[in-house]
Amino acid sequence: MTREATNESVQKVIFDGLEEVGAEPAEITRTASFEELDVDSLDVVELAQIVEDEFGVRLEGEDMKGLERVDQVIDLVVARA
Amino acid sequence: MSPDGCAIVTGAARGIGAASARTLAEAGWSVGINYRADSEGASALADEIVQAGGEAVAVQGDVRDPDAVDAVFARMERDHGPVLVLVNNAGIRADGLAAQLGDDDWDEVIATNLSAAFRATRRALGPMLRARFGRVVNIASIVGPRANAGQANYAAAKAGLIGMTKTVAVEVARRGVTVNAVAPGFVETRLTDGIGKEALGAIPARRAGAPEEVAACVGFLASEGAAYVNGATLVVDGGLSA
């Protein structure tokens with residue numbers, strides 16, 4: 001079962017997900033960029049899988065292109081849910 | 001060893017696919033026996049595996065249809081957890097000299113033997129990355145790396161499959177996911193029916209291979225022990241291309 005995608009729930013899942021793919025917990029904020037977090041393209045693919053598992057929102061490659069900051073992903077997921 | 005997940009073998013109602021499903025079940029995997037039309041063969045195989053103490057279920061789905069592939073994965077995920085082993089085995093041949101090979105025969109072989117394997121692989125990778133474990137085994141052929149008159153479509157698809165194997169392997173290797181290919185030579189299956197037995201003389205082993213001999217290699221590549229084998233093509237041809 002997937003859960004409701006609110007701003008708070010999505011932020012928590014994304015933050016946890018970023019930690020899961022190896023980002024430094026202290027550096028994870030809404031405005032941090034993937035580059036700053038040292039999150040690469042494969043990490044982003046994994047993050048998309050985490051989002052799909054948790055919220056049932058499928059993010060394709062096209063969707064993720066051009067997203068550079070954490071809050072952009074959070075906003076996209078909330079909008080799509 | 002089946003770390004909270006399951007396996008799918010496409011085109012597994014008979015031949016190399018069926019033998020691979022048996023091998024994976026013996027290794028402890030819950031196996032989805034995917035088939036397109038041979039429900040009798042797939043169900044009989046699932047029964048056989050269950051009676052032998054393993055776990056298997058026949059799952060219908062035409063691999064050329066992306067929605068059907070997704071449904072096969074969803075069904076296995078729902079009942080058995082993430083798909084951590086994928087064997088892309090479904091394949092057809094439609095032979096003819098290139099000068100006379102029809103568009104349909106070209107397109108169908110590429111769609112089934114190459115594009116379908118890509119889509120299933122793409123569908124499989126996300127959960128494998130998350131699990132930090134995954135095994136994709138693509139059933140290629142020695143036809144592709146080698147020429148075989150009358151099989152331009154089949155050769156293109158199988159060579160493509162080997163190319164895809166290598167590239168996907170390097171993309172996902174750092175997450176514990178391996179993507180390898182097995183390249184059988186002449187193996188006795190329905191796919192090789194009608195191919196002249198005189199060809200056997202050219203094989204150093206002087207015999208055709210058995211589906212189980214290919215499945216043994218699939219089983220190895222799917223195992224924990226093959227964790228450091230990635231992007232490889234394991235040739236299983238009785239020495240033919242040595």
# chains A, B, ... in the order shown; residues from 1 in each chain; ligands from 1
$ interface_residues --of "chain A" --to "chain B" --cutoff "9 Å" --atoms "only C-alpha atoms" --output "ChimeraX atom specification"
/A:20-21,42,45-50,53
$ write_last_selection --atoms "N, CA and C atoms" --output "tab-separated table (two decimals), in the first residue's frame"
chain	number	residue	atom	x	y	z
A	20	GLU	N	19.63	7.16	2.30
A	20	GLU	CA	19.76	5.76	1.85
A	20	GLU	C	20.75	5.65	0.68
A	21	VAL	N	20.74	6.65	-0.21
A	21	VAL	CA	21.66	6.57	-1.35
A	21	VAL	C	23.03	7.18	-1.05
A	42	LEU	N	22.55	7.75	-10.96
A	42	LEU	CA	22.05	6.45	-10.50
A	42	LEU	C	21.34	6.59	-9.15
A	45	VAL	N	17.91	7.73	-9.84
A	45	VAL	CA	17.07	6.61	-10.29
A	45	VAL	C	16.55	5.85	-9.06
A	46	GLU	N	17.43	5.64	-8.12
A	46	GLU	CA	17.02	4.91	-6.91
A	46	GLU	C	16.01	5.72	-6.10
A	47	LEU	N	16.23	7.03	-6.05
A	47	LEU	CA	15.29	7.91	-5.36
A	47	LEU	C	13.90	7.82	-6.00
A	48	ALA	N	13.88	7.77	-7.33
A	48	ALA	CA	12.60	7.65	-8.04
A	48	ALA	C	11.91	6.33	-7.67
A	49	GLN	N	12.70	5.28	-7.50
A	49	GLN	CA	12.13	3.99	-7.11
A	49	GLN	C	11.55	4.06	-5.69
A	50	ILE	N	12.25	4.76	-4.82
A	50	ILE	CA	11.77	4.92	-3.44
A	50	ILE	C	10.43	5.66	-3.44
A	53	ASP	N	7.72	3.35	-4.68
A	53	ASP	CA	7.36	2.36	-3.66
A	53	ASP	C	6.49	2.98	-2.57
$ select_by_dssp --residues "chain B" --states "alpha helix (DSSP H)" --output "MDAnalysis selection string"
chainID B and resid 15:26 39:51 66:80 103:110 116:131 152:172 211:221
$ residues_around --residues "Ala58 (chain B)" --least-positions-apart "2" --cutoff "12 Å" --atoms "only C-alpha atoms" --output "CSV table (one decimal) with N, CA and C atoms, in the first residue's frame"
chain,number,residue,atom,x,y,z
B,7,ALA,N,12.2,-14.6,-8.7
B,7,ALA,CA,12.8,-14.6,-10.0
B,7,ALA,C,11.7,-14.7,-11.1
B,8,ILE,N,12.0,-14.1,-12.2
B,8,ILE,CA,11.1,-14.2,-13.4
B,8,ILE,C,12.0,-14.7,-14.5
B,9,VAL,N,11.5,-15.8,-15.2
B,9,VAL,CA,12.1,-16.2,-16.4
B,9,VAL,C,11.1,-16.0,-17.5
B,10,THR,N,11.5,-15.3,-18.6
B,10,THR,CA,10.5,-15.0,-19.7
B,10,THR,C,10.6,-16.2,-20.7
B,11,GLY,N,9.5,-16.5,-21.3
B,11,GLY,CA,9.5,-17.6,-22.3
B,11,GLY,C,9.9,-18.9,-21.7
B,12,ALA,N,9.3,-19.2,-20.5
B,12,ALA,CA,9.8,-20.3,-19.7
B,12,ALA,C,9.0,-21.6,-19.8
B,13,ALA,N,8.1,-21.7,-20.7
B,13,ALA,CA,7.2,-22.9,-20.8
B,13,ALA,C,8.0,-24.1,-21.2
B,14,ARG,N,9.1,-23.9,-21.9
B,14,ARG,CA,9.8,-25.0,-22.4
B,14,ARG,C,11.3,-24.6,-22.7
B,18,ALA,N,12.6,-23.1,-19.5
B,18,ALA,CA,12.0,-24.0,-18.5
B,18,ALA,C,13.1,-24.6,-17.7
B,21,ALA,N,14.2,-22.1,-15.2
B,21,ALA,CA,13.3,-21.9,-14.1
B,21,ALA,C,13.5,-23.0,-13.0
B,30,SER,N,11.7,-18.3,-5.6
B,30,SER,CA,10.3,-18.4,-6.1
B,30,SER,C,10.3,-17.9,-7.5
B,31,VAL,N,9.8,-18.7,-8.4
B,31,VAL,CA,10.0,-18.4,-9.8
B,31,VAL,C,8.7,-18.1,-10.5
B,32,GLY,N,8.7,-17.0,-11.2
B,32,GLY,CA,7.6,-16.7,-12.1
B,32,GLY,C,7.9,-17.3,-13.5
B,33,ILE,N,7.1,-18.3,-13.9
B,33,ILE,CA,7.3,-18.9,-15.2
B,33,ILE,C,6.5,-18.1,-16.2
B,34,ASN,N,7.1,-17.2,-16.9
B,34,ASN,CA,6.3,-16.4,-17.8
B,34,ASN,C,6.2,-17.1,-19.2
B,35,TYR,N,5.0,-17.0,-19.7
B,35,TYR,CA,4.7,-17.6,-21.0
B,35,TYR,C,3.8,-16.8,-21.8
B,36,ARG,N,3.8,-16.9,-23.1
B,36,ARG,CA,2.8,-16.2,-24.0
B,36,ARG,C,1.6,-17.0,-24.3
B,37,ALA,N,1.8,-18.2,-24.8
B,37,ALA,CA,0.7,-19.0,-25.3
B,37,ALA,C,0.6,-20.4,-24.7
B,38,ASP,N,1.8,-21.0,-24.3
B,38,ASP,CA,1.8,-22.4,-23.9
B,38,ASP,C,1.4,-22.5,-22.4
B,39,SER,N,0.2,-22.3,-22.1
B,39,SER,CA,-0.2,-22.3,-20.7
B,39,SER,C,-0.1,-23.7,-20.1
B,40,GLU,N,-0.3,-24.7,-21.0
B,40,GLU,CA,-0.2,-26.1,-20.5
B,40,GLU,C,1.2,-26.4,-20.1
B,41,GLY,N,2.1,-26.0,-20.9
B,41,GLY,CA,3.6,-26.3,-20.6
B,41,GLY,C,4.0,-25.5,-19.3
B,42,ALA,N,3.6,-24.3,-19.2
B,42,ALA,CA,4.0,-23.4,-18.1
B,42,ALA,C,3.4,-24.0,-16.8
B,43,SER,N,2.1,-24.3,-16.9
B,43,SER,CA,1.4,-24.9,-15.7
B,43,SER,C,2.0,-26.2,-15.2
B,44,ALA,N,2.3,-27.0,-16.2
B,44,ALA,CA,2.9,-28.4,-15.9
B,44,ALA,C,4.3,-28.2,-15.2
B,45,LEU,N,5.0,-27.2,-15.7
B,45,LEU,CA,6.3,-26.9,-15.1
B,45,LEU,C,6.2,-26.4,-13.7
B,46,ALA,N,5.2,-25.5,-13.5
B,46,ALA,CA,5.0,-24.9,-12.2
B,46,ALA,C,4.6,-26.1,-11.2
B,47,ASP,N,3.7,-27.0,-11.6
B,47,ASP,CA,3.3,-28.1,-10.8
B,47,ASP,C,4.5,-29.0,-10.5
B,48,GLU,N,5.3,-29.2,-11.5
B,48,GLU,CA,6.5,-30.1,-11.3
B,48,GLU,C,7.5,-29.5,-10.2
B,49,ILE,N,7.7,-28.2,-10.3
B,49,ILE,CA,8.6,-27.5,-9.4
B,49,ILE,C,8.0,-27.6,-8.0
B,50,VAL,N,6.7,-27.3,-7.9
B,50,VAL,CA,6.0,-27.3,-6.5
B,50,VAL,C,6.1,-28.7,-5.9
B,55,GLU,N,9.1,-23.4,-5.2
B,55,GLU,CA,8.0,-22.4,-5.4
B,55,GLU,C,8.0,-21.9,-6.8
B,56,ALA,N,6.8,-22.0,-7.5
B,56,ALA,CA,6.8,-21.5,-8.9
B,56,ALA,C,5.3,-21.2,-9.2
B,60,GLN,N,1.1,-15.6,-17.3
B,60,GLN,CA,1.0,-15.3,-18.7
B,60,GLN,C,1.3,-13.8,-19.0
B,61,GLY,N,1.9,-13.5,-20.2
B,61,GLY,CA,2.2,-12.2,-20.5
B,61,GLY,C,3.1,-12.1,-21.8
B,72,VAL,N,3.2,-8.7,-15.2
B,72,VAL,CA,3.9,-9.9,-14.8
B,72,VAL,C,4.7,-9.5,-13.5
B,75,ARG,N,2.5,-8.7,-10.5
B,75,ARG,CA,1.9,-9.9,-9.9
B,75,ARG,C,3.0,-10.6,-9.0
B,76,MET,N,4.2,-10.7,-9.5
B,76,MET,CA,5.2,-11.4,-8.7
B,76,MET,C,5.6,-10.6,-7.5
$ residues_around --residues "region 57-66 of chain A" --least-positions-apart "4" --cutoff "12 Å" --atoms "only C-alpha atoms" --output "number ranges by chain"
A: 2-5, 10, 33-34, 41-53, 70, 72-81; B: 122-123, 126
$ write_last_selection --atoms "N, CA and C atoms" --output "JSON list (two decimals), in the first residue's frame"
[["chain", "number", "residue", "atom", "x", "y", "z"],
["A", 2, "THR", "N", 0.44, 2.23, -0.76],
["A", 2, "THR", "CA", 1.18, 3.49, -0.77],
["A", 2, "THR", "C", 0.47, 4.48, 0.16],
["A", 3, "ARG", "N", 1.21, 5.49, 0.56],
["A", 3, "ARG", "CA", 0.66, 6.45, 1.54],
["A", 3, "ARG", "C", 0.30, 7.79, 0.88],
["A", 4, "GLU", "N", -0.33, 8.65, 1.65],
["A", 4, "GLU", "CA", -0.74, 9.94, 1.13],
["A", 4, "GLU", "C", 0.48, 10.85, 0.97],
["A", 5, "ALA", "N", 0.51, 11.55, -0.16],
["A", 5, "ALA", "CA", 1.67, 12.40, -0.43],
["A", 5, "ALA", "C", 1.40, 13.84, -0.03],
["A", 10, "VAL", "N", 6.21, 13.61, 1.91],
["A", 10, "VAL", "CA", 7.13, 13.47, 0.77],
["A", 10, "VAL", "C", 8.53, 13.94, 1.18],
["A", 33, "SER", "N", 21.28, 21.20, -3.49],
["A", 33, "SER", "CA", 21.27, 20.65, -4.85],
["A", 33, "SER", "C", 21.84, 19.23, -4.81],
["A", 34, "PHE", "N", 21.47, 18.46, -5.83],
["A", 34, "PHE", "CA", 22.00, 17.09, -5.90],
["A", 34, "PHE", "C", 23.52, 17.10, -5.99],
["A", 41, "SER", "N", 23.43, 10.42, -11.01],
["A", 41, "SER", "CA", 22.24, 10.03, -11.79],
["A", 41, "SER", "C", 21.68, 8.68, -11.34],
["A", 42, "LEU", "N", 22.55, 7.75, -10.96],
["A", 42, "LEU", "CA", 22.05, 6.45, -10.50],
["A", 42, "LEU", "C", 21.34, 6.59, -9.15],
["A", 43, "ASP", "N", 21.86, 7.49, -8.30],
["A", 43, "ASP", "CA", 21.19, 7.76, -7.02],
["A", 43, "ASP", "C", 19.78, 8.31, -7.27],
["A", 44, "VAL", "N", 19.67, 9.18, -8.27],
["A", 44, "VAL", "CA", 18.37, 9.77, -8.59],
["A", 44, "VAL", "C", 17.40, 8.70, -9.07],
["A", 45, "VAL", "N", 17.91, 7.73, -9.84],
["A", 45, "VAL", "CA", 17.07, 6.61, -10.29],
["A", 45, "VAL", "C", 16.55, 5.85, -9.06],
["A", 46, "GLU", "N", 17.43, 5.64, -8.12],
["A", 46, "GLU", "CA", 17.02, 4.91, -6.91],
["A", 46, "GLU", "C", 16.01, 5.72, -6.10],
["A", 47, "LEU", "N", 16.23, 7.03, -6.05],
["A", 47, "LEU", "CA", 15.29, 7.91, -5.36],
["A", 47, "LEU", "C", 13.90, 7.82, -6.00],
["A", 48, "ALA", "N", 13.88, 7.77, -7.33],
["A", 48, "ALA", "CA", 12.60, 7.65, -8.04],
["A", 48, "ALA", "C", 11.91, 6.33, -7.67],
["A", 49, "GLN", "N", 12.70, 5.28, -7.50],
["A", 49, "GLN", "CA", 12.13, 3.99, -7.11],
["A", 49, "GLN", "C", 11.55, 4.06, -5.69],
["A", 50, "ILE", "N", 12.25, 4.76, -4.82],
["A", 50, "ILE", "CA", 11.77, 4.92, -3.44],
["A", 50, "ILE", "C", 10.43, 5.66, -3.44],
["A", 51, "VAL", "N", 10.36, 6.73, -4.23],
["A", 51, "VAL", "CA", 9.13, 7.51, -4.35],
["A", 51, "VAL", "C", 7.99, 6.64, -4.87],
["A", 52, "GLU", "N", 8.30, 5.82, -5.87],
["A", 52, "GLU", "CA", 7.27, 4.95, -6.44],
["A", 52, "GLU", "C", 6.78, 3.93, -5.40],
["A", 53, "ASP", "N", 7.72, 3.35, -4.68],
["A", 53, "ASP", "CA", 7.36, 2.36, -3.66],
["A", 53, "ASP", "C", 6.49, 2.98, -2.57],
["A", 70, "VAL", "N", 16.54, 19.49, -4.20],
["A", 70, "VAL", "CA", 15.67, 18.58, -3.45],
["A", 70, "VAL", "C", 14.20, 19.06, -3.48],
["A", 72, "GLN", "N", 12.60, 20.71, -5.64],
["A", 72, "GLN", "CA", 11.96, 20.52, -6.94],
["A", 72, "GLN", "C", 11.37, 19.12, -7.05],
["A", 73, "VAL", "N", 12.08, 18.15, -6.51],
["A", 73, "VAL", "CA", 11.58, 16.78, -6.54],
["A", 73, "VAL", "C", 10.38, 16.64, -5.62],
["A", 74, "ILE", "N", 10.48, 17.23, -4.43],
["A", 74, "ILE", "CA", 9.36, 17.17, -3.48],
["A", 74, "ILE", "C", 8.11, 17.77, -4.12],
["A", 75, "ASP", "N", 8.25, 18.93, -4.72],
["A", 75, "ASP", "CA", 7.10, 19.60, -5.34],
["A", 75, "ASP", "C", 6.51, 18.75, -6.46],
["A", 76, "LEU", "N", 7.38, 18.13, -7.26],
["A", 76, "LEU", "CA", 6.91, 17.30, -8.38],
["A", 76, "LEU", "C", 6.09, 16.12, -7.85],
["A", 77, "VAL", "N", 6.60, 15.47, -6.84],
["A", 77, "VAL", "CA", 5.90, 14.29, -6.30],
["A", 77, "VAL", "C", 4.55, 14.69, -5.70],
["A", 78, "VAL", "N", 4.53, 15.78, -4.97],
["A", 78, "VAL", "CA", 3.27, 16.24, -4.37],
["A", 78, "VAL", "C", 2.27, 16.58, -5.48],
["A", 79, "ALA", "N", 2.76, 17.22, -6.53],
["A", 79, "ALA", "CA", 1.88, 17.61, -7.63],
["A", 79, "ALA", "C", 1.33, 16.39, -8.37],
["A", 80, "ARG", "N", 2.14, 15.34, -8.46],
["A", 80, "ARG", "CA", 1.75, 14.15, -9.22],
["A", 80, "ARG", "C", 0.86, 13.19, -8.44],
["A", 81, "ALA", "N", 0.92, 13.30, -7.14],
["A", 81, "ALA", "CA", 0.22, 12.29, -6.32],
["A", 81, "ALA", "C", -1.30, 12.50, -6.38],
["B", 122, "ARG", "N", 14.61, -2.81, -17.79],
["B", 122, "ARG", "CA", 14.34, -1.46, -17.26],
["B", 122, "ARG", "C", 13.36, -1.53, -16.10],
["B", 123, "ARG", "N", 12.34, -2.38, -16.26],
["B", 123, "ARG", "CA", 11.34, -2.53, -15.21],
["B", 123, "ARG", "C", 11.93, -3.16, -13.95],
["B", 126, "GLY", "N", 14.98, -0.80, -10.95],
["B", 126, "GLY", "CA", 14.70, 0.05, -9.78],
["B", 126, "GLY", "C", 14.70, -0.73, -8.47]]
$ residues_around --residues "Asn180 (chain B)" --least-positions-apart "2" --cutoff "7 Å" --atoms "only C-alpha atoms" --output "short mmCIF file (atom, residue, chain, number, x, y, z; two decimals) with C-alpha atoms, in the first residue's frame"
data_model
loop_
_atom_site.label_atom_id
_atom_site.label_comp_id
_atom_site.auth_asym_id
_atom_site.auth_seq_id
_atom_site.Cartn_x
_atom_site.Cartn_y
_atom_site.Cartn_z
CA VAL B 136 19.82 -10.01 -14.93
CA VAL B 137 20.75 -12.85 -17.26
CA ASN B 138 20.12 -12.34 -20.96
CA THR B 165 24.18 -6.35 -21.37
CA THR B 178 24.96 -7.76 -12.26
CA VAL B 182 24.73 -16.51 -21.85
CA ASN B 230 29.44 -8.37 -14.65
CA GLY B 231 28.85 -7.46 -18.27
CA ALA B 232 30.16 -10.84 -19.34
CA THR B 233 28.93 -13.18 -22.03
#
$ closest_residue --among "A:Asp71, A:Phe55, A:Ile28, A:Glu35" --to "Phe15 (chain A)" --atoms "only C-alpha atoms"
A:Ile28
$ residues_around --residues "region 145-152 of chain B" --least-positions-apart "3" --cutoff "7 Å" --atoms "only C-alpha atoms" --output "PyMOL selection string"
chain B and resi 95-98+142+155-156+159
$ residues_around --residues "Asp65 (chain B)" --least-positions-apart "6" --cutoff "10 Å" --atoms "only C-alpha atoms" --output "list in words"
Ala71, Ala111, Thr112, Ala116 and Arg119 of chain B
$ write_last_selection --atoms "N, CA and C atoms" --output "PDB file, in the first residue's frame"
ATOM      1  N   ALA B  71       2.582  -5.979 -15.780  1.00  0.00           N
ATOM      2  CA  ALA B  71       1.626  -6.785 -15.013  1.00  0.00           C
ATOM      3  C   ALA B  71       2.284  -8.057 -14.455  1.00  0.00           C
ATOM      4  N   ALA B 111      11.733  -7.045 -31.931  1.00  0.00           N
ATOM      5  CA  ALA B 111      10.805  -6.698 -30.841  1.00  0.00           C
ATOM      6  C   ALA B 111      10.839  -7.731 -29.729  1.00  0.00           C
ATOM      7  N   THR B 112      10.851  -8.997 -30.107  1.00  0.00           N
ATOM      8  CA  THR B 112      10.778 -10.065 -29.103  1.00  0.00           C
ATOM      9  C   THR B 112      12.133 -10.331 -28.454  1.00  0.00           C
ATOM     10  N   ALA B 116      12.021  -6.321 -26.075  1.00  0.00           N
ATOM     11  CA  ALA B 116      11.298  -6.843 -24.909  1.00  0.00           C
ATOM     12  C   ALA B 116      12.259  -7.080 -23.746  1.00  0.00           C
ATOM     13  N   ARG B 119      12.976  -3.733 -22.131  1.00  0.00           N
ATOM     14  CA  ARG B 119      11.886  -3.205 -21.293  1.00  0.00           C
ATOM     15  C   ARG B 119      11.772  -3.966 -19.974  1.00  0.00           C
TER      16      ARG B 119
END
$ select_by_dssp --residues "region 71-113 of chain B" --states "strand (DSSP E or B)" --output "PyMOL selection string"
chain B and resi 83-88+96
$ write_last_selection --atoms "N, CA and C atoms" --output "PDB file, in the first residue's frame"
ATOM      1  N   VAL B  83      11.430  -8.486  -7.584  1.00  0.00           N
ATOM      2  CA  VAL B  83      12.048  -9.416  -8.543  1.00  0.00           C
ATOM      3  C   VAL B  83      13.552  -9.150  -8.540  1.00  0.00           C
ATOM      4  N   LEU B  84      14.302 -10.079  -8.000  1.00  0.00           N
ATOM      5  CA  LEU B  84      15.751  -9.873  -7.868  1.00  0.00           C
ATOM      6  C   LEU B  84      16.557 -10.659  -8.890  1.00  0.00           C
ATOM      7  N   VAL B  85      15.871 -11.568  -9.587  1.00  0.00           N
ATOM      8  CA  VAL B  85      16.521 -12.279 -10.691  1.00  0.00           C
ATOM      9  C   VAL B  85      15.604 -12.210 -11.909  1.00  0.00           C
ATOM     10  N   LEU B  86      16.156 -11.739 -13.008  1.00  0.00           N
ATOM     11  CA  LEU B  86      15.392 -11.698 -14.264  1.00  0.00           C
ATOM     12  C   LEU B  86      16.185 -12.441 -15.333  1.00  0.00           C
ATOM     13  N   VAL B  87      15.568 -13.433 -15.922  1.00  0.00           N
ATOM     14  CA  VAL B  87      16.193 -14.135 -17.046  1.00  0.00           C
ATOM     15  C   VAL B  87      15.399 -13.796 -18.304  1.00  0.00           C
ATOM     16  N   ASN B  88      16.019 -12.997 -19.166  1.00  0.00           N
ATOM     17  CA  ASN B  88      15.380 -12.635 -20.433  1.00  0.00           C
ATOM     18  C   ASN B  88      15.663 -13.728 -21.452  1.00  0.00           C
ATOM     19  N   GLY B  96      15.493 -16.132 -42.975  1.00  0.00           N
ATOM     20  CA  GLY B  96      15.423 -15.873 -44.406  1.00  0.00           C
ATOM     21  C   GLY B  96      16.655 -15.099 -44.821  1.00  0.00           C
TER      22      GLY B  96
END
$ atom_distance --atom1 "CA of Gly239 (chain B)" --atom2 "CA of Lys197 (chain B)"
16.7 Å
